[in-house]
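J.: Just one file: query-v3.cif, with mmCIF, C-alpha atoms.
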```cif
data_target
#
loop_
_atom_site.label_atom_id
_atom_site.label_comp_id
_atom_site.auth_asym_id
_atom_site.auth_seq_id
_atom_site.Cartn_x
_atom_site.Cartn_y
_atom_site.Cartn_z
CA MET A 1 42.45 104.71 154.94
CA SER A 2 43.00 100.96 154.65
CA GLU A 3 46.03 99.82 152.70
CA ARG A 4 45.45 97.62 149.67
CA LYS A 5 47.21 94.29 149.45
CA PRO A 6 49.91 94.30 146.75
CA ALA A 7 48.58 92.75 143.54
CA ALA A 8 50.38 90.29 141.29
CA ALA A 9 51.03 92.36 138.17
CA THR A 10 52.45 91.14 134.88
CA MET A 11 54.37 93.74 132.90
CA ILE A 12 54.22 93.41 129.12
CA GLN A 13 56.97 95.38 127.43
CA PRO A 14 56.63 97.04 123.99
CA GLY A 15 57.64 94.47 121.43
CA ALA A 16 56.12 91.69 123.50
CA TYR A 17 52.85 93.20 122.35
CA PRO A 18 52.24 94.40 118.78
CA VAL A 19 53.50 97.94 118.17
CA MET A 20 53.69 100.09 115.06
CA SER A 21 56.31 98.91 112.56
CA SER A 22 59.49 100.95 112.58
CA ALA A 23 58.87 102.08 108.98
CA ALA A 24 55.40 103.35 109.88
CA ALA A 25 56.68 104.96 113.07
CA MET A 26 59.46 106.74 111.19
CA GLY A 27 57.02 108.00 108.57
CA LEU A 28 54.62 109.22 111.22
CA MET A 29 57.34 110.99 113.19
CA ARG A 30 58.58 112.63 109.99
CA ALA A 31 55.08 113.94 109.36
CA LEU A 32 54.66 115.10 112.95
CA ARG A 33 57.93 117.07 112.77
CA ASP A 34 57.26 118.56 109.34
CA PRO A 35 56.41 122.29 109.68
CA GLU A 36 54.13 121.95 106.63
CA THR A 37 52.04 119.38 108.52
CA SER A 38 51.73 121.69 111.51
CA LEU A 39 50.65 124.53 109.23
CA ALA A 40 48.09 122.32 107.50
CA ALA A 41 46.70 121.19 110.86
CA ALA A 42 46.56 124.75 112.17
CA ARG A 43 44.66 125.74 109.02
CA VAL A 44 42.18 122.91 109.66
CA ILE A 45 41.52 124.21 113.17
CA ALA A 46 41.14 127.78 111.94
CA ASP A 47 38.84 126.71 109.10
CA HIS A 48 36.47 124.99 111.54
CA ALA A 49 36.18 127.92 113.97
CA ALA A 50 33.13 129.55 112.38
CA GLU A 51 31.21 126.29 112.19
CA LEU A 52 32.04 125.51 115.81
CA ARG A 53 30.96 128.97 116.88
CA THR A 54 27.54 128.38 115.31
CA ALA A 55 27.35 125.08 117.17
CA VAL A 56 28.23 126.77 120.46
CA LEU A 57 25.47 129.33 119.98
CA ALA A 58 22.98 126.52 119.32
CA HIS A 59 24.03 124.79 122.55
CA ILE A 60 23.61 128.09 124.42
CA ASP A 61 20.01 128.27 123.20
CA ARG A 62 19.48 124.68 124.34
CA VAL A 63 21.03 125.15 127.76
CA GLU A 64 18.83 128.17 128.39
CA GLU A 65 15.80 125.99 127.60
CA VAL A 66 16.79 123.13 129.91
CA ALA A 67 17.74 125.58 132.65
CA GLN A 68 14.07 126.51 132.99
CA ILE A 69 13.36 123.16 134.66
CA LEU A 70 16.67 123.25 136.56
CA ASP A 71 17.60 119.71 135.61
CA PRO A 72 21.28 119.60 136.60
CA ALA A 73 22.18 116.64 134.36
CA ALA A 74 20.62 118.26 131.30
CA ILE A 75 22.28 121.61 132.03
CA TYR A 76 25.60 119.86 132.63
CA GLU A 77 25.30 118.01 129.32
CA GLN A 78 24.85 121.23 127.35
CA ALA A 79 27.45 123.17 129.34
CA HIS A 80 29.90 120.35 128.74
CA GLU A 81 29.27 120.52 124.99
CA ILE A 82 29.87 124.27 125.10
CA ARG A 83 33.17 123.96 126.98
CA GLY A 84 34.28 121.25 124.56
CA LEU A 85 33.63 123.30 121.46
CA ALA A 86 34.17 126.88 122.61
CA GLY A 87 37.97 126.90 122.70
CA ASN A 88 38.26 125.77 119.09
CA ALA A 89 35.51 128.22 118.13
CA GLY A 90 37.65 131.15 119.23
CA LEU A 91 35.45 131.58 122.31
CA ALA A 92 37.96 130.89 125.04
CA ALA A 93 36.15 132.89 127.72
CA THR A 94 32.88 131.12 126.95
CA GLY A 95 34.67 127.81 127.41
CA ARG A 96 36.21 128.85 130.73
CA ILE A 97 32.89 130.04 132.16
CA SER A 98 31.18 126.84 130.98
CA ASN A 99 33.91 124.86 132.69
CA VAL A 100 33.17 126.63 135.97
CA LEU A 101 29.46 125.83 135.58
CA CYS A 102 30.31 122.17 134.87
CA ARG A 103 32.47 122.04 137.97
CA TYR A 104 29.61 123.42 140.06
CA LEU A 105 26.97 121.08 138.64
CA ASP A 106 29.23 118.04 138.87
CA ALA A 107 29.93 118.70 142.56
CA VAL A 108 26.28 119.45 143.32
CA MET A 109 25.10 116.25 141.64
CA ARG A 110 27.75 114.18 143.41
CA ALA A 111 26.58 115.65 146.72
CA GLY A 112 22.99 114.74 145.86
CA LYS A 113 21.88 118.38 146.05
CA ALA A 114 19.87 120.60 143.76
CA PRO A 115 21.72 123.45 142.03
CA GLN A 116 20.82 127.00 143.01
CA ARG A 117 18.86 128.72 140.27
CA GLY A 118 20.70 131.99 140.82
CA VAL A 119 24.13 130.42 140.44
CA VAL A 120 23.10 128.67 137.22
CA ALA A 121 21.48 131.84 135.87
CA LEU A 122 24.61 133.94 136.53
CA HIS A 123 26.75 131.46 134.61
CA LEU A 124 24.34 131.20 131.70
CA GLU A 125 24.12 134.97 131.38
CA ALA A 126 27.91 135.24 131.40
CA ILE A 127 28.25 132.43 128.85
CA ALA A 128 25.78 134.08 126.49
CA ARG A 129 27.40 137.50 126.86
CA ALA A 130 30.88 136.10 126.24
CA ALA A 131 29.79 134.13 123.19
CA HIS A 132 27.88 137.00 121.60
CA ALA A 133 30.42 139.75 122.27
CA GLU A 134 32.05 141.36 119.28
CA ASP A 135 35.57 140.24 120.03
CA GLU A 136 37.62 138.53 122.71
CA ALA A 137 38.95 141.83 124.07
CA THR A 138 35.47 143.11 124.92
CA ARG A 139 34.29 139.88 126.50
CA LEU A 140 36.00 140.50 129.84
CA GLY A 141 35.79 136.76 130.06
CA ASP A 142 38.74 136.05 132.29
CA ALA A 143 37.58 138.39 135.02
CA VAL A 144 34.04 137.02 134.89
CA ALA A 145 35.26 133.42 134.88
CA ASN A 146 37.45 134.11 137.92
CA GLU A 147 34.60 135.78 139.81
CA LEU A 148 32.26 132.90 139.03
CA SER A 149 34.91 130.37 139.99
CA GLN A 150 35.22 132.05 143.40
CA LEU A 151 31.44 132.02 143.75
CA VAL A 152 31.37 128.30 142.96
CA ASP A 153 34.15 127.65 145.48
CA ARG A 154 32.07 129.40 148.16
CA LYS A 155 28.90 127.50 147.21
CA LEU A 156 30.71 124.16 147.24
CA ALA A 157 32.27 125.01 150.62
CA GLU A 158 28.76 125.67 151.95
CA ILE A 159 27.66 122.24 150.73
CA ASN A 160 30.68 120.58 152.36
CA GLU A 161 30.07 122.43 155.64
CA SER A 162 26.40 121.48 155.77
CA ASP A 163 27.32 117.84 155.07
CA ALA A 164 29.97 117.92 157.78
CA GLN A 165 27.52 119.31 160.34
CA ARG A 166 25.15 116.36 159.88
CA MET B 1 49.06 96.19 114.62
CA SER B 2 48.87 96.90 110.92
CA GLY B 3 50.68 99.62 109.05
CA ALA B 4 53.86 98.21 107.58
CA THR B 5 54.30 101.69 106.16
CA PHE B 6 53.11 105.16 107.12
CA GLU B 7 50.77 105.18 104.11
CA ASN B 8 48.91 102.16 105.51
CA LEU B 9 48.29 103.59 108.96
CA LYS B 10 44.66 103.77 110.03
CA ALA B 11 42.99 105.95 112.64
CA LEU B 12 39.59 105.65 114.25
CA VAL B 13 37.75 108.70 115.60
CA VAL B 14 34.96 107.96 118.12
CA GLU B 15 33.05 111.14 118.90
CA ASP B 16 29.33 111.86 119.15
CA ASN B 17 29.60 115.55 118.32
CA ALA B 18 29.60 115.78 114.53
CA HIS B 19 31.53 119.07 114.48
CA MET B 20 34.32 117.74 116.68
CA ARG B 21 34.37 114.45 114.80
CA VAL B 22 34.90 116.21 111.48
CA LEU B 23 37.61 118.39 113.02
CA LEU B 24 39.48 115.36 114.35
CA ARG B 25 39.14 113.49 111.09
CA SER B 26 40.42 116.53 109.18
CA LEU B 27 43.39 116.79 111.52
CA MET B 28 44.27 113.14 110.94
CA THR B 29 44.03 113.74 107.20
CA ALA B 30 46.26 116.83 107.53
CA LEU B 31 48.77 114.59 109.29
CA GLY B 32 48.84 112.45 106.17
CA LEU B 33 46.73 109.50 107.26
CA LYS B 34 44.69 108.24 104.34
CA GLN B 35 42.41 105.85 106.20
CA VAL B 36 40.41 107.55 108.93
CA TYR B 37 37.24 105.90 110.21
CA GLU B 38 34.50 107.59 112.21
CA ALA B 39 32.09 106.33 114.83
CA GLU B 40 29.40 108.17 116.77
CA ASP B 41 29.66 106.17 119.98
CA GLY B 42 31.53 103.37 121.66
CA ALA B 43 29.40 100.57 120.23
CA GLU B 44 29.97 101.69 116.65
CA GLY B 45 33.60 102.35 117.51
CA PHE B 46 34.12 98.80 118.73
CA GLN B 47 32.53 97.41 115.59
CA LEU B 48 34.84 99.54 113.43
CA LEU B 49 37.80 98.46 115.53
CA ARG B 50 36.97 94.88 114.61
CA ASP B 51 36.29 95.63 110.96
CA CYS B 52 39.10 98.07 110.19
CA ARG B 53 41.88 97.29 112.71
CA PRO B 54 43.05 100.88 113.28
CA ASP B 55 46.56 101.66 114.54
CA LEU B 56 45.40 104.62 116.62
CA VAL B 57 42.10 105.51 118.29
CA LEU B 58 40.90 108.98 119.27
CA THR B 59 37.84 108.88 121.49
CA ASP B 60 35.61 111.30 123.32
CA LEU B 61 34.59 110.54 126.91
CA SER B 62 30.90 111.48 127.07
CA MET B 63 28.85 109.58 124.52
CA ALA B 64 25.63 107.60 124.59
CA PRO B 65 24.81 104.78 124.83
CA ILE B 66 28.42 103.55 125.17
CA ASP B 67 30.77 106.23 126.47
CA GLY B 68 34.52 106.50 126.03
CA ILE B 69 35.28 104.77 129.33
CA ALA B 70 33.10 101.73 128.58
CA PHE B 71 34.49 101.67 125.04
CA THR B 72 38.08 101.68 126.33
CA GLN B 73 37.28 98.91 128.82
CA GLN B 74 35.76 96.88 126.01
CA VAL B 75 38.83 97.37 123.82
CA ARG B 76 41.18 96.39 126.64
CA LEU B 77 39.22 93.56 128.26
CA SER B 78 36.71 92.03 125.87
CA PRO B 79 37.55 88.57 124.55
CA ASP B 80 36.20 89.88 121.21
CA SER B 81 38.69 92.75 121.11
CA PRO B 82 40.89 92.48 118.01
CA ASN B 83 43.69 94.54 119.58
CA PRO B 84 43.65 95.18 123.33
CA TYR B 85 46.95 97.07 122.98
CA VAL B 86 45.80 99.68 120.48
CA PRO B 87 46.82 103.19 121.62
CA ILE B 88 43.79 105.19 122.73
CA ILE B 89 43.90 108.97 123.04
CA MET B 90 40.97 110.36 124.99
CA VAL B 91 40.04 113.79 123.71
CA THR B 92 37.93 115.43 126.37
CA GLY B 93 36.73 118.68 127.82
CA HIS B 94 36.22 117.01 131.20
CA THR B 95 38.37 118.50 133.90
CA GLU B 96 36.70 116.87 136.91
CA ARG B 97 39.29 114.71 138.61
CA HIS B 98 37.04 111.70 139.20
CA ARG B 99 36.14 111.49 135.51
CA VAL B 100 39.75 111.73 134.37
CA GLU B 101 40.79 109.07 136.88
CA ALA B 102 37.99 106.78 135.72
CA ALA B 103 39.21 107.11 132.14
CA ARG B 104 42.80 106.47 133.15
CA ASP B 105 41.73 103.38 135.08
CA ALA B 106 39.83 102.11 132.04
CA GLY B 107 43.14 101.94 130.16
CA VAL B 108 43.42 105.15 128.17
CA THR B 109 46.93 105.68 126.77
CA GLU B 110 46.97 109.47 126.55
CA PHE B 111 44.69 112.41 127.35
CA LEU B 112 44.19 115.37 125.10
CA ALA B 113 42.33 118.24 126.73
CA LYS B 114 40.03 120.42 124.65
CA PRO B 115 40.45 122.88 123.08
CA ILE B 116 42.51 120.89 120.62
CA THR B 117 45.78 122.45 119.52
CA THR B 118 48.04 121.09 116.82
CA GLN B 119 50.96 121.05 119.21
CA ASN B 120 49.18 119.09 121.93
CA LEU B 121 47.67 116.59 119.51
CA PHE B 122 50.99 115.95 117.81
CA LEU B 123 52.79 115.66 121.15
CA ARG B 124 50.39 112.93 122.29
CA ILE B 125 50.80 110.98 119.06
CA ALA B 126 54.60 111.36 119.18
CA GLU B 127 54.59 110.11 122.76
CA ILE B 128 52.74 106.96 121.67
CA VAL B 129 55.12 106.36 118.76
CA GLU B 130 58.42 107.21 120.43
CA ARG B 131 57.77 105.96 123.94
CA PRO B 132 55.26 103.11 123.86
CA ARG B 133 54.45 102.21 127.45
CA PRO B 134 54.56 98.77 129.01
CA TYR B 135 51.18 97.21 129.65
CA VAL B 136 50.15 95.96 133.04
CA ARG B 137 47.92 93.00 133.64
CA CYS B 138 46.65 92.32 137.13
CA LYS B 139 43.44 91.27 138.81
CA THR B 140 41.94 94.75 138.75
CA TYR B 141 43.50 96.39 135.68
CA PHE B 142 44.72 95.81 132.18
CA GLY B 143 46.15 98.67 130.18
CA PRO B 144 49.14 100.96 129.76
CA ASP B 145 51.30 101.33 132.85
CA ARG B 146 49.78 104.18 134.81
CA ARG B 147 53.09 105.00 136.47
CA ARG B 148 54.81 107.56 134.36
CA HIS B 149 57.28 109.00 136.81
CA VAL B 150 59.83 107.28 138.99
CA ASP B 151 59.87 108.82 142.44
CA LEU B 152 63.05 107.70 144.15
CA ASP B 153 61.83 109.02 147.49
CA PHE B 154 58.55 107.08 147.37
CA SER B 155 58.37 104.68 150.30
CA GLY B 156 54.97 103.11 149.77
CA PRO B 157 52.32 101.95 150.09
CA TRP B 158 53.38 99.35 147.51
CA ARG B 159 50.57 98.23 145.28
CA ARG B 160 52.26 95.51 143.22
CA LYS B 161 53.79 92.32 144.51
CA ASN B 162 56.98 92.96 142.58
CA ASP B 163 57.20 96.39 144.22
CA THR B 164 57.97 94.91 147.60
CA GLY B 165 61.67 94.41 146.87
CA ARG B 166 61.98 98.10 146.14
CA SER B 167 61.02 99.05 149.65
CA ALA B 168 64.20 97.44 150.94
CA ALA B 169 66.35 99.11 148.30
#
```
Show me the file's structure as structure tokens.
T.:
Amino acid sequence: MSERKPAAATMIQPGAYPVMSSAAAMGLMRALRDPETSLAAARVIADHAAELRTAVLAHIDRVEEVAQILDPAAIYEQAHEIRGLAGNAGLAATGRISNVLCRYLDAVMRAGKAPQRGVVALHLEAIARAAHAEDEATRLGDAVANELSQLVDRKLAEINESDAQR
Amino acid sequence: MSGATFENLKALVVEDNAHMRVLLRSLMTALGLKQVYEAEDGAEGFQLLRDCRPDLVLTDLSMAPIDGIAFTQQVRLSPDSPNPYVPIIMVTGHTERHRVEAARDAGVTEFLAKPITTQNLFLRIAEIVERPRPYVRCKTYFGPDRRRHVDLDFSGPWRRKNDTGRSAA
């Protein structure tokens, strides 16, 4: 690895650039430390969970559609939306499995390869099962996410090995 | 930066997903901010930055046509930018290292990983308020100092010219 030449860097300290006024900063910190604010914010997150869950289910329908043509970018886009929303929808396992799928697709696309249909299908089935299960305890999501993560590790190792052999 | 008082503080939420955008706006309102602006992508976000002069920006990473990285670069580097120093919190579900590094190198101030929790959101905002970071301007970067930790055992390679004296220390 070649070393970079040191660059001439100018440091600009807070105060030398415009920062929040001390009155505003104090007010904001007071609000951030107020237990009532934390409760109100927690209520906001809880109140949005049902709406987000509906959105996750809609994205699951969409990802199953785009998976038919095995377009990795389109599948990634939907899986990314699912992982972004699922946690706040009370669907933690769904989010974790979607994250594993995103990791796989991202690596495959960066390697210029096509994703394996079977790997994508396994993830999508697990995502749908986790999202539709009655409650978190019956989703067995952690175990499934771990298994799929190991599968993805193996698949990505295969890609790296085949690239190295060229 | 505006906001002589807490009541005057303004936040801008840049997020293409309507559900997440509403959630973030509602969280800012719960925090007590009365002026919260919303944009669906980086282009609209930059326009609102110019029109409304927010004190804090929350942005997503993946958006079209202008994503959170391009938006952040525009805020930091564009001659049209009304406040290149505005704190930017990137709220993202991306965990891929290369994407996070690209966002950091665009000049993001803080990262907030999804799912959003009250504690993590408030910690990021408190960090910005209580410990504003120096900004670095060099040929290849302008934005908050990306060095957060001082490693006394670090012996190089030195990347800044004013680092070189440290190697002899």
J.: Give me the residues near A:Arg43 as a PDB file with C-alpha atoms, keeping the file's coordinate frame, where near means some atom within 10 Å (using all atoms listed in the file) and where sequence neighbours in that chain fewer than 5 positions away do not count.
T.:
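Just written: out-v4.pdb:
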```
ATOM      1  CA  THR A  37      52.040 119.380 108.520  1.00  0.00           C
ATOM      2  CA  SER A  38      51.730 121.690 111.510  1.00  0.00           C
ATOM      3  CA  HIS A  48      36.470 124.990 111.540  1.00  0.00           C
TER       4      HIS A  48
ATOM      5  CA  LEU B  27      43.390 116.790 111.520  1.00  0.00           C
ATOM      6  CA  ALA B  30      46.260 116.830 107.530  1.00  0.00           C
ATOM      7  CA  THR B 118      48.040 121.090 116.820  1.00  0.00           C
TER       8      THR B 118
END
```
J.: Restricting the calculation to all atoms listed in the file: of B:Pro144, B:Gly93, B:Gly42, B:Gly107, which residue gets closest to chain A?
T.: B:Gly93
J.: Residues of chain A near chain B: apply a cut-off of 6 Å, count only C-alpha atoms, and supply the list as a CSV table (one decimal) with C-alpha atoms, keeping the file's coordinate frame.
T.:
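Writing done, so here's selection-v4.csv:
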```csv
chain,number,residue,atom,x,y,z
A,6,PRO,CA,49.9,94.3,146.8
A,7,ALA,CA,48.6,92.8,143.5
A,8,ALA,CA,50.4,90.3,141.3
A,9,ALA,CA,51.0,92.4,138.2
A,10,THR,CA,52.4,91.1,134.9
A,11,MET,CA,54.4,93.7,132.9
A,12,ILE,CA,54.2,93.4,129.1
A,13,GLN,CA,57.0,95.4,127.4
A,14,PRO,CA,56.6,97.0,124.0
A,18,PRO,CA,52.2,94.4,118.8
A,19,VAL,CA,53.5,97.9,118.2
A,21,SER,CA,56.3,98.9,112.6
A,23,ALA,CA,58.9,102.1,109.0
A,24,ALA,CA,55.4,103.4,109.9
A,27,GLY,CA,57.0,108.0,108.6
A,28,LEU,CA,54.6,109.2,111.2
A,37,THR,CA,52.0,119.4,108.5
A,40,ALA,CA,48.1,122.3,107.5
A,41,ALA,CA,46.7,121.2,110.9
A,84,GLY,CA,34.3,121.2,124.6
A,87,GLY,CA,38.0,126.9,122.7
A,88,ASN,CA,38.3,125.8,119.1
```
J.: Suppose a student applies the PyMOL selection byres ((chain B and resi 111) around 8) to this structure; what residues should they get, written as a list in words?
T.: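 Checked against the file, the PyMOL selection byres ((chain B and resi 111) around 8) matches Ile89, Met90, Val91, Thr92, Val108, Thr109, Glu110, Leu112, Ala113 and Arg124 of chain B.
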J.: Taking the file as I've supplied it (selection: the PyMOL selection byres ((chain B and resi 54) around 6)), which residues are included? Please answer as a PyMOL selection string.
T.: chain B and resi 10-12+52-53+55-56
J.: Quick one: which residues end up in the PyMOL selection byres ((chain A and resi 71) around 12) for this structure, as a list of chain:residue names?
T.: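 Evaluating the PyMOL selection byres ((chain A and resi 71) around 12) on this file yields A:Val63, A:Glu64, A:Glu65, A:Val66, A:Ala67, A:Gln68, A:Ile69, A:Leu70, A:Pro72, A:Ala73, A:Ala74, A:Ile75, A:Tyr76, A:Glu77, A:Gln78, A:Leu105, A:Val108, A:Met109, A:Lys113, A:Ala114, A:Pro115, A:Gln116, A:Arg117, A:Val120.
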J.: Every residue with an atom at most 8 Å from (34.7, 102.0, 117.3) (file coordinates; only C-alpha atoms) is what I'm after, so could you write them as a count of residues only?
T.: 16
J.: Rounded to one decimal place, report the atom CA of A:His123-atom CA of A:Asp142 distance in Å.
T.: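 According to the coordinates, atom CA of A:His123 and atom CA of A:Asp142 are separated by 13.0 Å.
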J.: Quick one, how far is atom CA of A:Arg110 from atom CA of B:Ser78?
T.: 29.6 Å
J.: Go through A:Ala111, A:Cys102, A:Ala86, A:Ala31 and flag the residue nearest A:Asp163, using all atoms listed in the file for the distances.
T.: A:Ala111
